[in-house]
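Structure file data_25.txt; described as compact mmCIF, C-alpha atoms (C1' of nucleotides).
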```txt
# COMPACT_ATOMS: atom_id res chain seq x y z
CA MET A 263 -14.43 -11.34 -16.58
CA ASN A 264 -14.91 -14.94 -17.42
CA ALA A 265 -15.87 -17.55 -14.85
CA ALA A 266 -12.43 -19.07 -15.26
CA MET A 267 -10.99 -15.73 -14.06
CA LYS A 268 -8.13 -15.95 -16.52
CA ASP A 269 -4.95 -13.98 -16.08
CA SER A 270 -5.16 -10.23 -16.61
CA PRO A 271 -3.63 -7.10 -15.14
CA ALA A 272 -6.15 -7.42 -12.34
CA THR A 273 -5.31 -10.97 -11.40
CA GLN A 274 -1.53 -10.72 -11.63
CA GLY A 275 0.16 -12.03 -8.55
CA MET A 276 -2.79 -14.05 -7.30
CA ASN A 277 -2.22 -17.72 -6.66
CA ARG A 278 -4.61 -20.46 -7.66
CA GLU A 279 -6.48 -20.52 -4.38
CA GLU A 280 -6.90 -16.76 -4.31
CA LEU A 281 -8.21 -16.92 -7.85
CA ARG A 282 -10.72 -19.56 -6.87
CA LEU A 283 -11.85 -17.52 -3.88
CA ALA A 284 -12.19 -14.42 -6.04
CA ALA A 285 -14.24 -16.37 -8.58
CA MET A 286 -16.53 -17.60 -5.82
CA LEU A 287 -17.00 -14.09 -4.48
CA LYS A 288 -17.74 -12.84 -7.96
CA ALA A 289 -20.37 -15.56 -8.43
CA LEU A 290 -21.96 -14.78 -5.07
CA GLY A 291 -21.78 -11.05 -5.71
CA ASN A 292 -24.91 -11.30 -7.81
CA PRO A 293 -27.94 -11.22 -5.50
CA ILE A 294 -29.90 -13.63 -7.67
CA ARG A 295 -27.16 -16.22 -7.42
CA PHE A 296 -26.82 -15.45 -3.73
CA ARG A 297 -30.50 -16.26 -3.23
CA MET A 298 -30.27 -19.34 -5.42
CA MET A 299 -27.66 -20.68 -3.02
CA GLN A 300 -29.94 -20.02 -0.08
CA TYR A 301 -32.87 -21.65 -1.81
CA LEU A 302 -30.72 -24.64 -2.69
CA ALA A 303 -29.52 -24.90 0.88
CA GLU A 304 -33.02 -24.80 2.29
CA ASN A 305 -34.30 -27.41 -0.13
CA ARG A 306 -31.23 -29.54 0.10
CA MET A 307 -31.47 -30.23 -3.64
CA CYS A 308 -33.71 -29.41 -6.55
CA ILE A 309 -33.94 -29.38 -10.30
CA THR A 310 -33.57 -26.40 -12.59
CA GLY A 311 -37.31 -26.02 -12.93
CA ASP A 312 -37.73 -25.50 -9.20
CA ILE A 313 -35.29 -22.62 -9.28
CA VAL A 314 -36.95 -21.15 -12.35
CA ALA A 315 -40.23 -21.11 -10.44
CA PHE A 316 -38.52 -19.61 -7.40
CA THR A 317 -36.81 -16.78 -9.24
CA SER A 318 -39.46 -16.16 -11.91
CA LEU A 319 -36.73 -15.56 -14.44
CA ALA A 320 -36.53 -17.12 -17.89
CA GLN A 321 -35.36 -20.72 -17.92
CA SER A 322 -32.34 -19.85 -20.04
CA THR A 323 -31.33 -17.12 -17.63
CA VAL A 324 -31.50 -19.45 -14.67
CA SER A 325 -29.49 -22.02 -16.56
CA GLN A 326 -26.76 -19.42 -17.11
CA HIS A 327 -26.69 -18.48 -13.44
CA LEU A 328 -26.46 -22.13 -12.50
CA LYS A 329 -23.52 -22.48 -14.85
CA VAL A 330 -21.71 -19.64 -13.14
CA LEU A 331 -22.25 -21.19 -9.72
CA ARG A 332 -21.21 -24.59 -11.03
CA GLU A 333 -18.02 -23.27 -12.63
CA ALA A 334 -17.15 -21.50 -9.42
CA GLY A 335 -17.43 -24.84 -7.65
CA LEU A 336 -20.26 -23.71 -5.41
CA ILE A 337 -22.87 -26.17 -6.62
CA GLU A 338 -22.92 -29.54 -8.28
CA GLY A 339 -25.31 -30.77 -10.93
CA GLU A 340 -26.18 -34.30 -11.80
CA VAL A 341 -28.28 -35.47 -14.70
CA GLU A 342 -31.32 -37.23 -13.35
CA GLY A 343 -33.40 -38.48 -16.23
CA PRO A 344 -34.39 -35.55 -18.39
CA ALA A 345 -33.79 -33.14 -15.54
CA THR A 346 -30.65 -31.97 -13.77
CA CYS A 347 -30.49 -32.13 -10.02
CA TYR A 348 -28.48 -29.45 -8.27
CA CYS A 349 -27.13 -29.22 -4.76
CA ILE A 350 -24.65 -27.15 -2.80
CA SER A 351 -21.08 -28.32 -3.12
CA ALA A 352 -20.02 -29.14 0.41
CA GLU A 353 -16.38 -29.02 -0.61
CA GLY A 354 -16.84 -25.65 -2.30
CA LEU A 355 -18.65 -24.12 0.63
CA ARG A 356 -16.04 -25.45 3.01
CA PHE A 357 -13.32 -23.93 0.84
CA LEU A 358 -15.11 -20.58 0.82
CA LYS A 359 -15.64 -20.47 4.55
CA SER A 360 -12.14 -21.64 5.30
CA LYS A 361 -10.47 -19.10 3.03
CA ILE A 362 -12.62 -16.23 4.22
CA SER A 363 -11.96 -17.03 7.85
CA GLN A 364 -8.22 -17.00 7.17
CA TRP A 365 -8.32 -14.00 4.87
CA LEU A 366 -6.51 -10.82 5.94
CA PRO A 367 -5.50 -12.17 9.32
CA GLY A 368 -5.07 -9.62 12.05
CA CYS A 369 -7.42 -7.08 10.50
CA CYS A 370 -10.46 -7.83 12.64
CA GLU A 371 -9.33 -6.53 16.01
CA PRO A 372 -11.78 -3.98 17.38
CA ASP A 373 -10.39 -0.48 17.40
CA SER A 374 -9.61 1.27 20.64
CA ASP A 375 -12.38 3.81 20.03
CA ALA A 376 -15.42 1.80 19.05
CA GLY A 377 -17.54 3.12 16.23
CA THR A 378 -15.52 5.40 14.03
CA SER A 379 -12.14 3.76 13.91
CA SER A 380 -9.42 6.17 12.95
CA CYS A 381 -6.86 4.52 10.74
CA CYS A 382 -4.26 7.33 10.73
CA MET B 105 -26.58 -2.97 -9.19
CA ASN B 106 -25.85 0.04 -7.08
CA ALA B 107 -23.65 -0.08 -4.02
CA ALA B 108 -26.72 0.51 -1.91
CA MET B 109 -28.16 -2.72 -3.37
CA LYS B 110 -31.62 -1.23 -3.50
CA ASP B 111 -34.71 -3.32 -3.67
CA SER B 112 -35.39 -5.13 -6.91
CA PRO B 113 -36.83 -8.47 -8.05
CA ALA B 114 -33.45 -9.96 -7.24
CA THR B 115 -33.26 -8.70 -3.68
CA GLN B 116 -36.85 -9.37 -2.65
CA GLY B 117 -37.05 -11.24 0.59
CA MET B 118 -33.55 -10.41 1.74
CA ASN B 119 -33.17 -8.78 5.11
CA ARG B 120 -30.84 -5.91 5.87
CA GLU B 121 -27.95 -8.06 6.95
CA GLU B 122 -28.22 -10.32 3.94
CA LEU B 123 -28.25 -7.27 1.73
CA ARG B 124 -25.12 -5.96 3.39
CA LEU B 125 -23.39 -9.29 3.00
CA ALA B 126 -24.41 -9.46 -0.66
CA ALA B 127 -23.08 -5.95 -1.24
CA MET B 128 -19.77 -6.91 0.34
CA LEU B 129 -19.50 -10.00 -1.82
CA LYS B 130 -20.29 -7.94 -4.87
CA ALA B 131 -17.57 -5.45 -3.98
CA LEU B 132 -15.06 -8.21 -3.38
CA GLY B 133 -16.12 -10.02 -6.53
CA ASN B 134 -13.97 -7.68 -8.57
CA PRO B 135 -10.38 -8.97 -8.51
CA ILE B 136 -8.92 -5.47 -8.47
CA ARG B 137 -10.87 -4.58 -5.36
CA PHE B 138 -10.03 -7.95 -3.89
CA ARG B 139 -6.33 -7.20 -4.31
CA MET B 140 -6.75 -3.67 -3.00
CA MET B 141 -8.04 -5.17 0.21
CA GLN B 142 -5.02 -7.44 0.43
CA TYR B 143 -2.66 -4.57 -0.24
CA LEU B 144 -4.41 -2.45 2.35
CA ALA B 145 -4.20 -5.27 4.88
CA GLU B 146 -0.49 -5.76 4.30
CA ASN B 147 0.28 -2.08 4.58
CA ARG B 148 -2.09 -1.50 7.45
CA MET B 149 -3.08 1.83 5.91
CA CYS B 150 -2.19 3.96 2.95
CA ILE B 151 -3.33 6.87 0.86
CA THR B 152 -5.03 6.74 -2.51
CA GLY B 153 -1.79 7.45 -4.32
CA ASP B 154 -0.17 4.33 -2.91
CA ILE B 155 -2.96 2.21 -4.31
CA VAL B 156 -2.80 3.99 -7.65
CA ALA B 157 0.88 3.08 -7.85
CA PHE B 158 0.15 -0.48 -6.78
CA THR B 159 -2.58 -1.09 -9.33
CA SER B 160 -1.23 1.08 -12.18
CA LEU B 161 -4.74 2.18 -12.95
CA ALA B 162 -5.85 5.77 -13.47
CA GLN B 163 -6.33 7.76 -10.30
CA SER B 164 -10.01 8.31 -11.04
CA THR B 165 -10.55 4.59 -11.51
CA VAL B 166 -8.92 3.77 -8.21
CA SER B 167 -10.99 6.42 -6.53
CA GLN B 168 -14.14 4.76 -7.85
CA HIS B 169 -13.08 1.35 -6.60
CA LEU B 170 -12.29 2.81 -3.20
CA LYS B 171 -15.75 4.31 -3.13
CA VAL B 172 -17.32 0.91 -3.77
CA LEU B 173 -15.31 -0.67 -0.97
CA ARG B 174 -16.12 2.22 1.34
CA GLU B 175 -19.85 2.08 0.62
CA ALA B 176 -19.81 -1.65 1.26
CA GLY B 177 -18.32 -0.90 4.67
CA LEU B 178 -15.13 -2.82 3.96
CA ILE B 179 -12.73 0.08 4.29
CA GLU B 180 -12.67 3.43 5.99
CA GLY B 181 -11.23 6.66 4.70
CA GLU B 182 -10.08 9.65 6.66
CA VAL B 183 -8.99 12.98 5.26
CA GLU B 184 -5.39 13.56 6.26
CA GLY B 185 -4.28 16.90 4.95
CA PRO B 186 -4.65 16.95 1.20
CA ALA B 187 -4.64 13.16 1.05
CA THR B 188 -7.12 10.55 2.20
CA CYS B 189 -5.90 7.72 4.34
CA TYR B 190 -7.59 4.37 3.94
CA CYS B 191 -7.61 1.29 6.09
CA ILE B 192 -9.56 -1.92 6.41
CA SER B 193 -12.74 -1.61 8.43
CA ALA B 194 -12.29 -4.04 11.31
CA GLU B 195 -16.00 -3.97 11.96
CA GLY B 196 -16.79 -4.65 8.32
CA LEU B 197 -14.37 -7.52 8.03
CA ARG B 198 -15.67 -9.01 11.25
CA PHE B 199 -19.20 -8.77 9.90
CA LEU B 200 -18.18 -10.47 6.66
CA LYS B 201 -16.38 -13.32 8.36
CA SER B 202 -19.11 -13.81 10.90
CA LYS B 203 -21.90 -13.91 8.35
CA ILE B 204 -20.04 -16.18 5.97
CA SER B 205 -19.21 -18.61 8.74
CA GLN B 206 -22.88 -18.77 9.70
CA TRP B 207 -24.14 -18.83 6.14
CA LEU B 208 -26.01 -21.91 4.90
CA PRO B 209 -25.48 -23.87 8.09
CA GLY B 210 -25.37 -27.61 7.70
CA CYS B 211 -24.20 -27.54 4.10
CA CYS B 212 -20.52 -28.17 4.75
CA GLU B 213 -20.57 -31.75 5.92
CA PRO B 214 -18.26 -33.92 3.86
CA ASP B 215 -20.14 -36.35 1.67
CA SER B 216 -20.02 -40.05 2.36
CA ASP B 217 -18.17 -40.62 -0.89
CA ALA B 218 -15.38 -38.07 -0.92
CA GLY B 219 -14.68 -36.29 -4.17
CA THR B 220 -17.72 -36.38 -6.42
CA SER B 221 -20.59 -35.89 -4.06
CA SER B 222 -23.84 -37.13 -5.49
CA CYS B 223 -26.71 -34.90 -4.53
CA CYS B 224 -29.56 -37.12 -5.73
C1' DA C 155 -4.85 35.59 -2.29
C1' DC C 156 -2.11 32.32 -5.19
C1' DG C 157 -0.05 28.06 -6.32
C1' DT C 158 0.59 23.23 -5.37
C1' DA C 159 -0.69 18.52 -4.22
C1' DA C 160 -4.01 14.92 -3.60
C1' DA C 161 -8.33 13.04 -4.23
C1' DA C 162 -13.21 13.10 -5.69
C1' DT C 163 -16.52 13.76 -9.19
C1' DC C 164 -18.15 14.31 -13.97
C1' DG C 165 -18.84 12.88 -18.73
C1' DT C 166 -18.23 9.32 -21.77
C1' DA C 167 -16.35 5.22 -24.33
C1' DA C 168 -15.43 0.29 -24.08
C1' DT C 169 -16.32 -3.92 -22.05
C1' DT C 170 -18.92 -7.20 -19.42
C1' DT C 171 -23.01 -8.97 -17.47
C1' DT C 172 -27.70 -10.01 -17.52
C1' DA C 173 -31.85 -11.37 -19.65
C1' DC C 174 -34.70 -13.15 -23.14
C1' DG C 175 -36.60 -16.00 -27.00
C1' DA C 176 -35.43 -19.51 -30.13
C1' DT C 177 -33.19 -23.61 -31.00
C1' DA C 178 -30.67 -27.84 -29.96
C1' DA C 179 -29.56 -31.82 -27.04
C1' DA C 180 -30.69 -35.68 -23.81
C1' DA C 181 -33.68 -38.88 -21.62
C1' DT C 182 -37.96 -41.13 -21.24
C1' DA C 183 -42.68 -42.82 -22.44
C1' DG C 184 -45.78 -44.66 -25.61
C1' DC D 14 -39.52 -44.19 -34.21
C1' DT D 15 -42.22 -40.14 -32.48
C1' DA D 16 -43.77 -37.17 -29.03
C1' DT D 17 -42.94 -35.08 -24.61
C1' DT D 18 -40.31 -33.13 -20.94
C1' DT D 19 -36.41 -30.84 -19.15
C1' DT D 20 -32.29 -28.47 -19.65
C1' DA D 21 -28.39 -26.41 -22.11
C1' DT D 22 -26.67 -23.47 -25.64
C1' DC D 23 -26.90 -19.77 -29.17
C1' DG D 24 -27.66 -15.13 -30.78
C1' DT D 25 -28.72 -10.72 -29.43
C1' DA D 26 -30.57 -6.55 -26.97
C1' DA D 27 -30.49 -3.96 -22.73
C1' DA D 28 -28.30 -2.72 -18.65
C1' DA D 29 -24.44 -2.31 -15.60
C1' DT D 30 -19.62 -2.05 -14.73
C1' DT D 31 -15.10 -0.49 -15.62
C1' DA D 32 -11.77 2.69 -17.22
C1' DC D 33 -10.05 7.01 -18.70
C1' DG D 34 -9.18 12.09 -19.19
C1' DA D 35 -10.82 16.49 -17.69
C1' DT D 36 -12.55 19.19 -14.16
C1' DT D 37 -13.66 20.37 -9.44
C1' DT D 38 -12.95 20.24 -4.59
C1' DT D 39 -10.19 20.33 -0.40
C1' DA D 40 -6.26 21.30 2.35
C1' DC D 41 -1.99 23.25 2.93
C1' DG D 42 2.20 26.32 2.00
C1' DT D 43 4.10 30.65 0.62
```
Once you've parsed the file, please lay out its structure as structure tokens.
Amino acid sequence: MNAAMKDSPATQGMNREELRLAAMLKALGNPIRFRMMQYLAENRMCITGDIVAFTSLAQSTVSQHLKVLREAGLIEGEVEGPATCYCISAEGLRFLKSKISQWLPGCCEPDSDAGTSSCC
Amino acid sequence: MNAAMKDSPATQGMNREELRLAAMLKALGNPIRFRMMQYLAENRMCITGDIVAFTSLAQSTVSQHLKVLREAGLIEGEVEGPATCYCISAEGLRFLKSKISQWLPGCCEPDSDAGTSSCC
DNA sequence: ACGTAAAATCGTAATTTTACGATAAAATAG
DNA sequence: CTATTTTATCGTAAAATTACGATTTTACGT
């Protein structure tokens, strides 16, 4: 599936916001990208090279992962001389947290019998 | 990556809860599984066959997707006669929402200049 | 025990993702 | 202008995911 999460049998009937949320979840579903986000959050901002050193992956691979995160709206990059400076997208992260907190309302109530909740 | 999200270069340095969160995000990163969750939430509970009809995928494919969601702790299945009845895991969803809301604290503040936030 | 219904698992093909090296592009320094 | 530094993009191989049909398992009627 492309980062744009274009229309397909799987995405039929999803509105724009749901599609964006799904794209974010897909981007974060990769543990390397998940950790990149954490690293970026801890360091506030950094350039590609910092993340390459952190992950010990090839530079081209890191660049691809950064692209996925960027296209999902989770990070923002800004050319800073020859380098590119990345940081968490506050708007994106707010969107993610907001949508997740509202997602599937009324499904989080603890079951009467704690532990193994019987659904039937 | 397996549903168990076993240790690998990518998951080094992640604790158990982070691994569980990452596994959930990975499971939800697939738009079909994302929609299955929504369908399940709307219908409160249903059997595999209902979801097969909803998705118009092969029964074996749906069964695989359900397994991924189950192993991520997002749904629960219970044998009910010859069928299996599935429902959202309240505990799992609570875990997801809780962890996401706490994730990367301090990264959601709106930037001084709304819109294009400059990170450098 | 036999047949039916529903779901899980198996084996495998098609697609997608991930990763890498090589190359190209952009900015700066000399 | 040339060399250097940093990153992005391209082409491609390896790995993982997704999907399907066929088979097996499980539970229930008769």
Give me, please, the distance in Å between CA of Gly181 (chain B) and CA of Val166 (chain B), quoted to one decimal.
13.4 Å
Hey, what's within 8 Å of Met128 (chain B) if we count all atoms listed in the file and toss same-chain stuff fewer than 6 positions away? As a PDB file with C-alpha atoms, keeping the file's coordinate frame, please?
```pdb
ATOM      1  CA  GLY A 291     -21.780 -11.050  -5.710  1.00  0.00           C
TER       2      GLY A 291
ATOM      3  CA  LEU B 173     -15.310  -0.670  -0.970  1.00  0.00           C
ATOM      4  CA  ALA B 176     -19.810  -1.650   1.260  1.00  0.00           C
ATOM      5  CA  GLY B 177     -18.320  -0.900   4.670  1.00  0.00           C
ATOM      6  CA  LEU B 178     -15.130  -2.820   3.960  1.00  0.00           C
ATOM      7  CA  LEU B 200     -18.180 -10.470   6.660  1.00  0.00           C
TER       8      LEU B 200
END
```
Residue hits in chain B, query chain C, radius 8 Å, all atoms listed in the file, as a ChimeraX atom specification:
/B:152-153,164,167,186-188
Name the closest residue to Pro135 (chain B) among the candidates B:Ile151, B:Leu123, B:His169, B:Ser160; distances are taken between atoms, counting all atoms listed in the file.
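Looking only at the distances to Pro135 (chain B), the closest residue turns out to be B:His169.
The two atoms in question, CA of Lys361 (chain A) and CA of Leu132 (chain B), are spaced 13.4 Å apart.
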Excluding region 195-199 of chain B and residues on its chain fewer than 5 positions from it, collect all residues at most 10 Å away from it, counting only C-alpha atoms (C1' of nucleotides), and give them as number ranges by chain.
A: 362-363, 365-366, 369-373, 376-379; B: 121, 124-125, 128, 174, 176-180, 204-205
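Of note, CA of Leu302 (chain A) and CA of Ile350 (chain A) are spaced 6.6 Å apart.
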Mind listing as a PDB file with C-alpha atoms, keeping the file's coordinate frame which residues of chain B are within 7 Å of chain D, counting all atoms listed in the file?
```pdb
ATOM      1  CA  MET B 105     -26.580  -2.970  -9.190  1.00  0.00           C
ATOM      2  CA  ALA B 162      -5.850   5.770 -13.470  1.00  0.00           C
ATOM      3  CA  THR B 165     -10.550   4.590 -11.510  1.00  0.00           C
ATOM      4  CA  GLY B 185      -4.280  16.900   4.950  1.00  0.00           C
ATOM      5  CA  PRO B 186      -4.650  16.950   1.200  1.00  0.00           C
TER       6      PRO B 186
END
```
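For the residues A:Glu280, A:Leu287, A:Gly275, A:Pro367, ranking by smallest atom-to-atom distance to chain B using all atoms listed in the file places A:Leu287 first.
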